[in-house]
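Asks: Can you read through this structure? Questions will come right after.
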Number of protein chains: 2
Amino acid sequence: MRDRPQTSAPAGRPAVAARPVIRRALLSVDVVLFTPHSRRLTVLLVRATDPRARERWELPWDAARSDEPLDVAAARVARSALGAGAAWTRQVVASGSEHRHPGETEFSIAYLGLVAAGTPPPVGGEASWFPLDELPPLAPRHRAMVDSALSMLRLELDQSPVAFRLLPPTFTLSQLQEVYEVLLGRKLHKASFRRALHAAWLVEPIDEWRSEGRGRPAQLFRYAPKKRRSGRRGVRFDLLG
Amino acid sequence: MRDRPQTSAPAGRPAVAARPVIRRALLSVDVVLFTPHSRRLTVLLVRATDPRARERWELPWDAARSDEPLDVAAARVARSALGAGAAWTRQVVASGSEHRHPGETEFSIAYLGLVAAGTPPPVGGEASWFPLDELPPLAPRHRAMVDSALSMLRLELDQSPVAFRLLPPTFTLSQLQEVYEVLLGRKLHKASFRRALHAAWLVEPIDEWRSEGRGRPAQLFRYAPKKRRSGRRGVRFDLLG
DNA sequence: GACATTAGTGACCGAGTGTGACTAATTCGC
DNA sequence: GCGAATTAGTCACACTCGGTCACTAATGTC
């Protein structure tokens, strides 16, 4: 984050402004990076880029570049803020004048990113992981982005095997369940979880066990999706909101 | 249309082009309007705005305005193309340089809209409904928007009572099922459909029957959601893609 | 060795769903 | 008028799925 090139900030405004004005981008790409942290979901925030408000925090963001696809820009912003890439990213929402952006950009496109557990923020105090329920005050547009990103993440959890990207290649089922619990924000029942998991043929046991302190050692598994269920189901009227 | 101030159009590009250039918007709002039409889902297309390519078709779109929220812009574009408003709109996706836009805009935000069945396109031949499987060639970005909008529509169908907005205040259950079938693109089983519908307490019978040609007259219903089911369900591993 | 702790499975129950067959009420053709 | 065709609506059966509790298994701690 600290090495964000200043030159990339202002797009969309002729560089020949007569009086010195805060350089504003028309369109920003903002990234909501999530990672599990001691059984809680945390968000990466960086110190405000505006030098007059360095004590404030904001989501990592940068101006969009016209020759760069949006998902590439999001990956760039994530890598620049974190030092490492996100395990998975997805576009969340675009927003405009209904909420204020900390960089005063007119429009913004928010991306969601998942980061493997245990990734530390870069040194220097420029970036830090904040638990979801202890976020500092954010600009309205960033606040809305975090909420949308969380909804999108939980929606996406049912659609694609996102959780496996937060784990090492081999893992125990308890680890996997814990990841799901952190991402969903609620406890799951062990037997149901395993039954559904095995029915979907997503994991494969390997001939290895791991002992984590006390208790019976757990068998290790590998992500190895086998079948594809067609999933032709009826209409669901029961989860209308 | 296209009355966006020139000053904000070209970002990332020196604004001092010497020769007269086609006015380009940096950010467009594009709308994919769907309506059912004789048991098929159709999309509204308008004639290309570029006067040099009037025989081509494209999605309705316009430049975003910095003082106008994006959803308001989408509603404006829909109303301007159709003459009437859409029954429901939702943001779909933002895209950039990975696909070409017919107006050569650098970035675009696509909206999805549903229009009540039977709404005719405005006279003059400037706009027309095309069945989904008989679309004329579109610019790549518009083609991708249609596909994304369709996915989003079907995803949203399970989440909110969208289908009811395409029907008059009172309707028969066969009408409702037909709307669902058109939107989903597949047949549903009558008994399952009604059982699930009644279990969700979404509709209420009124003391009126309607006879549509031959066959037994159908009872009329009204959309009247009663309960809210908490919907605490486990993880779904079975519809991973 | 008793106990706490974690892993893993089996069995029951109730809700939800796919399906086919049935009844009900109307129009059409003769 | 009467039966066939057509559309509306319901019932019953089998099966699946998900929540829950109870149990066994294997380890560490004291």
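Here, A, B, ... name the chains of the structure tokens in the order displayed, residue numbers run from 1 inside each chain, and ligands are numbered from 1 in the same displayed order.
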Over all Cα atoms in order, fit chain B to chain A and jot down the RMSD to one decimal place.
Replies: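 The superposed chains show a C-alpha RMSD of 2.5 Å.
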Asks: Show which residues sit within 9 Å of segment 11-25 of chain D, as a ChimeraX atom specification. Count only C-alpha atoms (C1' of nucleotides), and ignore same-chain residues fewer than 5 positions away.
Replies: /A:189,192,196,216 /B:233-234 /C:7-12,15-18,21-22
Asks: Go ahead and save the picked residues with N, CA and C atoms (P, O5', C5', C4', C3', O3' and C1' of nucleotides), as an mmCIF file, in the first residue's frame.
Replies:
data_model
loop_
_atom_site.group_PDB
_atom_site.id
_atom_site.type_symbol
_atom_site.label_atom_id
_atom_site.label_comp_id
_atom_site.auth_asym_id
_atom_site.auth_seq_id
_atom_site.Cartn_x
_atom_site.Cartn_y
_atom_site.Cartn_z
ATOM 1 N N HIS A 189 -23.692 -27.800 12.524
ATOM 2 C CA HIS A 189 -23.732 -29.076 13.212
ATOM 3 C C HIS A 189 -22.797 -30.060 12.519
ATOM 4 N N SER A 192 -24.316 -33.050 10.300
ATOM 5 C CA SER A 192 -24.947 -32.558 9.067
ATOM 6 C C SER A 192 -23.888 -32.083 8.081
ATOM 7 N N ALA A 196 -23.428 -33.809 4.339
ATOM 8 C CA ALA A 196 -23.599 -33.051 3.100
ATOM 9 C C ALA A 196 -22.294 -33.009 2.307
ATOM 10 N N ARG A 216 -8.590 -37.116 19.913
ATOM 11 C CA ARG A 216 -8.283 -38.102 18.873
ATOM 12 C C ARG A 216 -7.716 -37.414 17.642
ATOM 13 N N ARG B 233 -30.572 -22.516 7.152
ATOM 14 C CA ARG B 233 -30.290 -23.831 6.583
ATOM 15 C C ARG B 233 -28.796 -24.074 6.586
ATOM 16 N N GLY B 234 -28.459 -25.326 6.377
ATOM 17 C CA GLY B 234 -27.063 -25.707 6.381
ATOM 18 C C GLY B 234 -26.355 -25.247 5.127
ATOM 19 P P DA C 7 -11.387 -32.097 16.271
ATOM 20 O "O5'" DA C 7 -11.623 -33.659 16.032
ATOM 21 C "C5'" DA C 7 -10.499 -34.516 16.013
ATOM 22 C "C4'" DA C 7 -10.871 -35.879 15.469
ATOM 23 C "C3'" DA C 7 -11.719 -35.865 14.197
ATOM 24 O "O3'" DA C 7 -11.221 -36.846 13.305
ATOM 25 C "C1'" DA C 7 -12.874 -37.048 15.908
ATOM 26 P P DG C 8 -11.794 -36.953 11.827
ATOM 27 O "O5'" DG C 8 -13.061 -37.900 12.017
ATOM 28 C "C5'" DG C 8 -12.833 -39.272 12.324
ATOM 29 C "C4'" DG C 8 -14.165 -39.926 12.547
ATOM 30 C "C3'" DG C 8 -15.208 -39.711 11.450
ATOM 31 O "O3'" DG C 8 -15.380 -40.925 10.746
ATOM 32 C "C1'" DG C 8 -16.137 -39.621 13.629
ATOM 33 P P DT C 9 -16.484 -41.103 9.630
ATOM 34 O "O5'" DT C 9 -17.677 -41.785 10.447
ATOM 35 C "C5'" DT C 9 -17.372 -42.862 11.305
ATOM 36 C "C4'" DT C 9 -18.647 -43.440 11.887
ATOM 37 C "C3'" DT C 9 -19.801 -43.597 10.891
ATOM 38 O "O3'" DT C 9 -20.357 -44.878 11.071
ATOM 39 C "C1'" DT C 9 -20.525 -42.368 12.771
ATOM 40 P P DG C 10 -21.389 -45.461 10.020
ATOM 41 O "O5'" DG C 10 -22.656 -45.755 10.942
ATOM 42 C "C5'" DG C 10 -22.454 -45.983 12.333
ATOM 43 C "C4'" DG C 10 -23.790 -46.109 13.036
ATOM 44 C "C3'" DG C 10 -24.972 -46.398 12.124
ATOM 45 O "O3'" DG C 10 -25.866 -47.287 12.791
ATOM 46 C "C1'" DG C 10 -25.291 -44.301 13.186
ATOM 47 P P DA C 11 -27.169 -47.812 12.050
ATOM 48 O "O5'" DA C 11 -28.319 -46.939 12.726
ATOM 49 C "C5'" DA C 11 -28.293 -46.724 14.128
ATOM 50 C "C4'" DA C 11 -29.477 -45.862 14.532
ATOM 51 C "C3'" DA C 11 -30.717 -46.054 13.652
ATOM 52 O "O3'" DA C 11 -31.866 -46.073 14.472
ATOM 53 C "C1'" DA C 11 -30.064 -43.783 13.642
ATOM 54 P P DC C 12 -33.274 -46.485 13.908
ATOM 55 O "O5'" DC C 12 -34.165 -45.221 14.215
ATOM 56 C "C5'" DC C 12 -34.127 -44.645 15.522
ATOM 57 C "C4'" DC C 12 -34.630 -43.219 15.469
ATOM 58 C "C3'" DC C 12 -35.936 -43.043 14.686
ATOM 59 O "O3'" DC C 12 -36.927 -42.489 15.536
ATOM 60 C "C1'" DC C 12 -34.333 -41.425 14.054
ATOM 61 P P DA C 15 -42.786 -31.485 10.474
ATOM 62 O "O5'" DA C 15 -42.094 -30.640 9.318
ATOM 63 C "C5'" DA C 15 -40.803 -30.099 9.532
ATOM 64 C "C4'" DA C 15 -40.088 -29.933 8.204
ATOM 65 C "C3'" DA C 15 -40.999 -29.434 7.073
ATOM 66 O "O3'" DA C 15 -40.304 -28.421 6.363
ATOM 67 C "C1'" DA C 15 -39.926 -31.432 6.421
ATOM 68 P P DG C 16 -41.042 -27.638 5.192
ATOM 69 O "O5'" DG C 16 -40.407 -28.295 3.883
ATOM 70 C "C5'" DG C 16 -38.999 -28.239 3.710
ATOM 71 C "C4'" DG C 16 -38.628 -28.969 2.450
ATOM 72 C "C3'" DG C 16 -39.454 -28.572 1.222
ATOM 73 O "O3'" DG C 16 -38.569 -28.437 0.130
ATOM 74 C "C1'" DG C 16 -39.567 -30.912 1.550
ATOM 75 P P DT C 17 -39.100 -27.810 -1.266
ATOM 76 O "O5'" DT C 17 -38.627 -28.888 -2.340
ATOM 77 C "C5'" DT C 17 -38.183 -30.141 -1.895
ATOM 78 C "C4'" DT C 17 -38.140 -31.134 -3.042
ATOM 79 C "C3'" DT C 17 -38.904 -30.737 -4.294
ATOM 80 O "O3'" DT C 17 -38.249 -31.316 -5.397
ATOM 81 C "C1'" DT C 17 -39.877 -32.671 -3.380
ATOM 82 P P DG C 18 -38.659 -30.971 -6.914
ATOM 83 O "O5'" DG C 18 -38.949 -32.428 -7.485
ATOM 84 C "C5'" DG C 18 -37.891 -33.378 -7.527
ATOM 85 C "C4'" DG C 18 -38.418 -34.683 -8.079
ATOM 86 C "C3'" DG C 18 -39.192 -34.545 -9.386
ATOM 87 O "O3'" DG C 18 -38.877 -35.656 -10.218
ATOM 88 C "C1'" DG C 18 -40.602 -35.482 -7.741
ATOM 89 P P DA C 21 -49.721 -42.945 -14.048
ATOM 90 O "O5'" DA C 21 -50.982 -42.854 -13.069
ATOM 91 C "C5'" DA C 21 -50.856 -43.348 -11.736
ATOM 92 C "C4'" DA C 21 -52.012 -42.845 -10.892
ATOM 93 C "C3'" DA C 21 -53.363 -42.855 -11.635
ATOM 94 O "O3'" DA C 21 -54.380 -43.359 -10.789
ATOM 95 C "C1'" DA C 21 -52.911 -40.695 -10.789
ATOM 96 P P DC C 22 -55.761 -43.893 -11.437
ATOM 97 O "O5'" DC C 22 -56.820 -42.793 -10.998
ATOM 98 C "C5'" DC C 22 -57.150 -42.703 -9.618
ATOM 99 C "C4'" DC C 22 -57.470 -41.281 -9.229
ATOM 100 C "C3'" DC C 22 -58.740 -40.691 -9.842
ATOM 101 O "O3'" DC C 22 -59.867 -41.039 -9.054
ATOM 102 C "C1'" DC C 22 -56.954 -39.079 -9.603
#
Asks: I need the residues in segment 48-223 of chain A that are helix (DSSP H, G or I) according to DSSP; give them as number ranges by chain.
Replies: A: 51-53, 70-82, 132-134, 140-159, 163-166, 173-184, 190-199
Asks: Identify all chain D residues at most 9 Å from chain B by counting only C-alpha atoms (C1' of nucleotides); ligands do not count. Present them as a PyMOL selection string.
Replies: chain D and resi 5-10+18
Asks: Each residue of chain C with at least one atom at most 7 Å from chain B should appear once, together with its nearest atom pair and the corresponding distance in Å (one decimal); atoms considered: only C-alpha atoms (C1' of nucleotides); ordering: chain, then increasing residue number; output as a tab-separated table.
Replies:
residue	atom	partner	partner_atom	distance
C:DT17	C1'	B:Ser192	CA	6.7
C:DA25	C1'	B:Arg216	CA	4.4
C:DT26	C1'	B:Arg216	CA	4.3
C:DT27	C1'	B:Arg214	CA	4.5
Asks: Report, in Å to a single decimal, how far apart atom CA of Pro205 of chain A and atom CA of Val179 of chain A are.
Replies: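 Separating atom CA of Val179 of chain A from atom CA of Pro205 of chain A is a distance of 18.3 Å.
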Asks: As a list in words, list the residues of segment 75-138 of chain B assigned to strand (DSSP E) by DSSP on the backbone atoms of this structure.
Replies: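 Everything in segment 75-138 of chain B that counts as strand (DSSP E) is Trp88, Thr89, Arg90, Gln91, Val92, Val93, Ala94, Ser95, Phe107, Ser108, Ile109, Ala110, Tyr111, Leu112, Gly113, Leu114, Ala127, Ser128, Trp129, Phe130 and Pro131 of chain B.
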Asks: Let me see the file: selected residues, N, CA and C atoms, as a compact mmCIF listing (two decimals), in the first residue's frame.
Replies:
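Final output, part25.txt:
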# COMPACT_ATOMS: atom_id res chain seq x y z
N TRP B 88 -39.05 -3.72 -12.19
CA TRP B 88 -38.04 -4.06 -11.20
C TRP B 88 -36.68 -3.97 -11.87
N THR B 89 -35.71 -3.38 -11.22
CA THR B 89 -34.37 -3.32 -11.80
C THR B 89 -33.36 -3.74 -10.74
N ARG B 90 -32.19 -4.15 -11.23
CA ARG B 90 -31.15 -4.60 -10.33
C ARG B 90 -29.82 -4.50 -11.05
N GLN B 91 -28.82 -4.09 -10.32
CA GLN B 91 -27.50 -3.99 -10.91
C GLN B 91 -26.94 -5.38 -11.18
N VAL B 92 -26.26 -5.53 -12.30
CA VAL B 92 -25.76 -6.86 -12.67
C VAL B 92 -24.25 -6.93 -12.57
N VAL B 93 -23.56 -6.12 -13.36
CA VAL B 93 -22.12 -6.29 -13.45
C VAL B 93 -21.50 -5.02 -14.03
N ALA B 94 -20.27 -4.77 -13.67
CA ALA B 94 -19.51 -3.69 -14.29
C ALA B 94 -18.43 -4.32 -15.16
N SER B 95 -18.17 -3.72 -16.29
CA SER B 95 -17.14 -4.29 -17.16
C SER B 95 -16.32 -3.17 -17.78
N PHE B 107 -15.75 2.14 -19.50
CA PHE B 107 -16.35 1.26 -18.49
C PHE B 107 -17.87 1.30 -18.62
N SER B 108 -18.49 0.24 -18.18
CA SER B 108 -19.94 0.16 -18.27
C SER B 108 -20.49 -0.53 -17.04
N ILE B 109 -21.68 -0.12 -16.66
CA ILE B 109 -22.39 -0.80 -15.59
C ILE B 109 -23.72 -1.27 -16.14
N ALA B 110 -23.95 -2.58 -16.03
CA ALA B 110 -25.15 -3.18 -16.61
C ALA B 110 -26.21 -3.32 -15.55
N TYR B 111 -27.43 -3.00 -15.92
CA TYR B 111 -28.59 -3.23 -15.07
C TYR B 111 -29.52 -4.20 -15.76
N LEU B 112 -30.25 -4.92 -14.92
CA LEU B 112 -31.26 -5.85 -15.38
C LEU B 112 -32.62 -5.26 -15.04
N GLY B 113 -33.57 -5.36 -15.96
CA GLY B 113 -34.91 -4.86 -15.68
C GLY B 113 -35.96 -5.85 -16.15
N LEU B 114 -37.03 -5.94 -15.37
CA LEU B 114 -38.15 -6.77 -15.78
C LEU B 114 -39.32 -5.87 -16.16
N ALA B 127 -37.01 0.54 -31.36
CA ALA B 127 -36.78 -0.46 -30.32
C ALA B 127 -37.65 -1.67 -30.60
N SER B 128 -37.18 -2.83 -30.18
CA SER B 128 -37.93 -4.03 -30.50
C SER B 128 -37.56 -5.15 -29.54
N TRP B 129 -38.52 -6.04 -29.27
CA TRP B 129 -38.26 -7.19 -28.40
C TRP B 129 -37.69 -8.34 -29.22
N PHE B 130 -36.59 -8.92 -28.78
CA PHE B 130 -35.98 -10.06 -29.48
C PHE B 130 -35.96 -11.27 -28.54
N PRO B 131 -36.43 -12.42 -29.04
CA PRO B 131 -36.30 -13.63 -28.22
C PRO B 131 -34.84 -13.91 -27.91
Asks: At a cut-off of 12 Å, using only C-alpha atoms (C1' of nucleotides), what residues contact Leu166 of chain A? Leave out same-chain residues fewer than 6 positions from it and give the result as number ranges by chain.
Replies: A: 34-37, 86-88, 113-119, 175-180, 182-183, 223
Asks: Those selected residues, please, written with N, CA and C atoms and delivered as a PDB file, in the first residue's frame.
Replies:
ATOM      1  N   PHE A  34     -11.122 -10.088   2.931  1.00  0.00           N
ATOM      2  CA  PHE A  34     -11.503 -10.805   4.150  1.00  0.00           C
ATOM      3  C   PHE A  34     -10.469 -11.875   4.461  1.00  0.00           C
ATOM      4  N   THR A  35     -10.239 -12.103   5.736  1.00  0.00           N
ATOM      5  CA  THR A  35      -9.473 -13.278   6.141  1.00  0.00           C
ATOM      6  C   THR A  35      -9.979 -13.720   7.505  1.00  0.00           C
ATOM      7  N   PRO A  36      -9.964 -15.038   7.774  1.00  0.00           N
ATOM      8  CA  PRO A  36     -10.319 -15.501   9.113  1.00  0.00           C
ATOM      9  C   PRO A  36      -9.166 -15.233  10.075  1.00  0.00           C
ATOM     10  N   HIS A  37      -9.532 -14.860  11.302  1.00  0.00           N
ATOM     11  CA  HIS A  37      -8.516 -14.516  12.285  1.00  0.00           C
ATOM     12  C   HIS A  37      -9.036 -14.955  13.645  1.00  0.00           C
ATOM     13  N   ALA A  86      -4.704 -12.108  -3.391  1.00  0.00           N
ATOM     14  CA  ALA A  86      -5.858 -12.732  -2.762  1.00  0.00           C
ATOM     15  C   ALA A  86      -6.069 -14.109  -3.375  1.00  0.00           C
ATOM     16  N   ALA A  87      -6.647 -15.015  -2.564  1.00  0.00           N
ATOM     17  CA  ALA A  87      -6.869 -16.371  -3.058  1.00  0.00           C
ATOM     18  C   ALA A  87      -8.024 -16.410  -4.050  1.00  0.00           C
ATOM     19  N   TRP A  88      -8.871 -15.421  -3.954  1.00  0.00           N
ATOM     20  CA  TRP A  88     -10.073 -15.417  -4.806  1.00  0.00           C
ATOM     21  C   TRP A  88     -10.675 -14.032  -4.776  1.00  0.00           C
ATOM     22  N   GLY A 113     -12.426  -9.939  -1.867  1.00  0.00           N
ATOM     23  CA  GLY A 113     -11.294 -10.851  -1.969  1.00  0.00           C
ATOM     24  C   GLY A 113     -11.163 -11.699  -0.725  1.00  0.00           C
ATOM     25  N   LEU A 114     -10.766 -12.949  -0.902  1.00  0.00           N
ATOM     26  CA  LEU A 114     -10.503 -13.817   0.237  1.00  0.00           C
ATOM     27  C   LEU A 114      -9.004 -14.058   0.330  1.00  0.00           C
ATOM     28  N   VAL A 115      -8.497 -13.987   1.537  1.00  0.00           N
ATOM     29  CA  VAL A 115      -7.070 -14.149   1.766  1.00  0.00           C
ATOM     30  C   VAL A 115      -6.878 -15.346   2.694  1.00  0.00           C
ATOM     31  N   ALA A 116      -5.904 -16.178   2.378  1.00  0.00           N
ATOM     32  CA  ALA A 116      -5.661 -17.368   3.187  1.00  0.00           C
ATOM     33  C   ALA A 116      -5.410 -16.986   4.635  1.00  0.00           C
ATOM     34  N   ALA A 117      -5.899 -17.812   5.543  1.00  0.00           N
ATOM     35  CA  ALA A 117      -5.741 -17.530   6.964  1.00  0.00           C
ATOM     36  C   ALA A 117      -4.265 -17.440   7.327  1.00  0.00           C
ATOM     37  N   GLY A 118      -3.955 -16.512   8.204  1.00  0.00           N
ATOM     38  CA  GLY A 118      -2.588 -16.391   8.678  1.00  0.00           C
ATOM     39  C   GLY A 118      -1.719 -15.433   7.890  1.00  0.00           C
ATOM     40  N   THR A 119      -2.280 -14.816   6.850  1.00  0.00           N
ATOM     41  CA  THR A 119      -1.505 -13.837   6.098  1.00  0.00           C
ATOM     42  C   THR A 119      -1.387 -12.558   6.908  1.00  0.00           C
ATOM     43  N   GLN A 175     -11.112 -28.395  10.486  1.00  0.00           N
ATOM     44  CA  GLN A 175     -10.613 -27.127   9.959  1.00  0.00           C
ATOM     45  C   GLN A 175     -11.573 -26.561   8.922  1.00  0.00           C
ATOM     46  N   LEU A 176     -12.000 -27.432   8.018  1.00  0.00           N
ATOM     47  CA  LEU A 176     -12.910 -26.982   6.965  1.00  0.00           C
ATOM     48  C   LEU A 176     -14.203 -26.432   7.554  1.00  0.00           C
ATOM     49  N   GLN A 177     -14.728 -27.156   8.542  1.00  0.00           N
ATOM     50  CA  GLN A 177     -15.967 -26.687   9.160  1.00  0.00           C
ATOM     51  C   GLN A 177     -15.759 -25.341   9.844  1.00  0.00           C
ATOM     52  N   GLU A 178     -14.604 -25.178  10.451  1.00  0.00           N
ATOM     53  CA  GLU A 178     -14.358 -23.898  11.123  1.00  0.00           C
ATOM     54  C   GLU A 178     -14.312 -22.751  10.116  1.00  0.00           C
ATOM     55  N   VAL A 179     -13.715 -22.990   8.962  1.00  0.00           N
ATOM     56  CA  VAL A 179     -13.698 -21.949   7.937  1.00  0.00           C
ATOM     57  C   VAL A 179     -15.117 -21.572   7.538  1.00  0.00           C
ATOM     58  N   TYR A 180     -15.943 -22.571   7.307  1.00  0.00           N
ATOM     59  CA  TYR A 180     -17.333 -22.286   6.958  1.00  0.00           C
ATOM     60  C   TYR A 180     -18.020 -21.510   8.065  1.00  0.00           C
ATOM     61  N   VAL A 182     -16.724 -19.491  10.255  1.00  0.00           N
ATOM     62  CA  VAL A 182     -16.250 -18.111  10.320  1.00  0.00           C
ATOM     63  C   VAL A 182     -16.847 -17.294   9.176  1.00  0.00           C
ATOM     64  N   LEU A 183     -16.859 -17.873   7.987  1.00  0.00           N
ATOM     65  CA  LEU A 183     -17.374 -17.133   6.833  1.00  0.00           C
ATOM     66  C   LEU A 183     -18.876 -16.887   6.973  1.00  0.00           C
ATOM     67  N   TYR A 223      -8.904 -31.621  -1.291  1.00  0.00           N
ATOM     68  CA  TYR A 223     -10.015 -31.177  -2.139  1.00  0.00           C
ATOM     69  C   TYR A 223      -9.915 -31.899  -3.475  1.00  0.00           C
TER      70      TYR A 223
END
Asks: I need the residue nearest chain A from this list: B:Gly83, B:Pro168, B:Pro161, B:Pro136. Use only C-alpha atoms for the distance.
Replies: B:Pro161
Asks: To one decimal in Å, tell me the separation between atom CA of Leu153 of chain A and atom CA of Ala224 of chain A.
Replies: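 Here the two named atoms are 22.2 Å from each other.
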Asks: In Å, with one decimal, what is the gap from atom CA of Ser97 of chain A to atom CA of Glu68 of chain B?
Replies: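 Interatomic distance, atom CA of Ser97 of chain A to atom CA of Glu68 of chain B: 6.1 Å.
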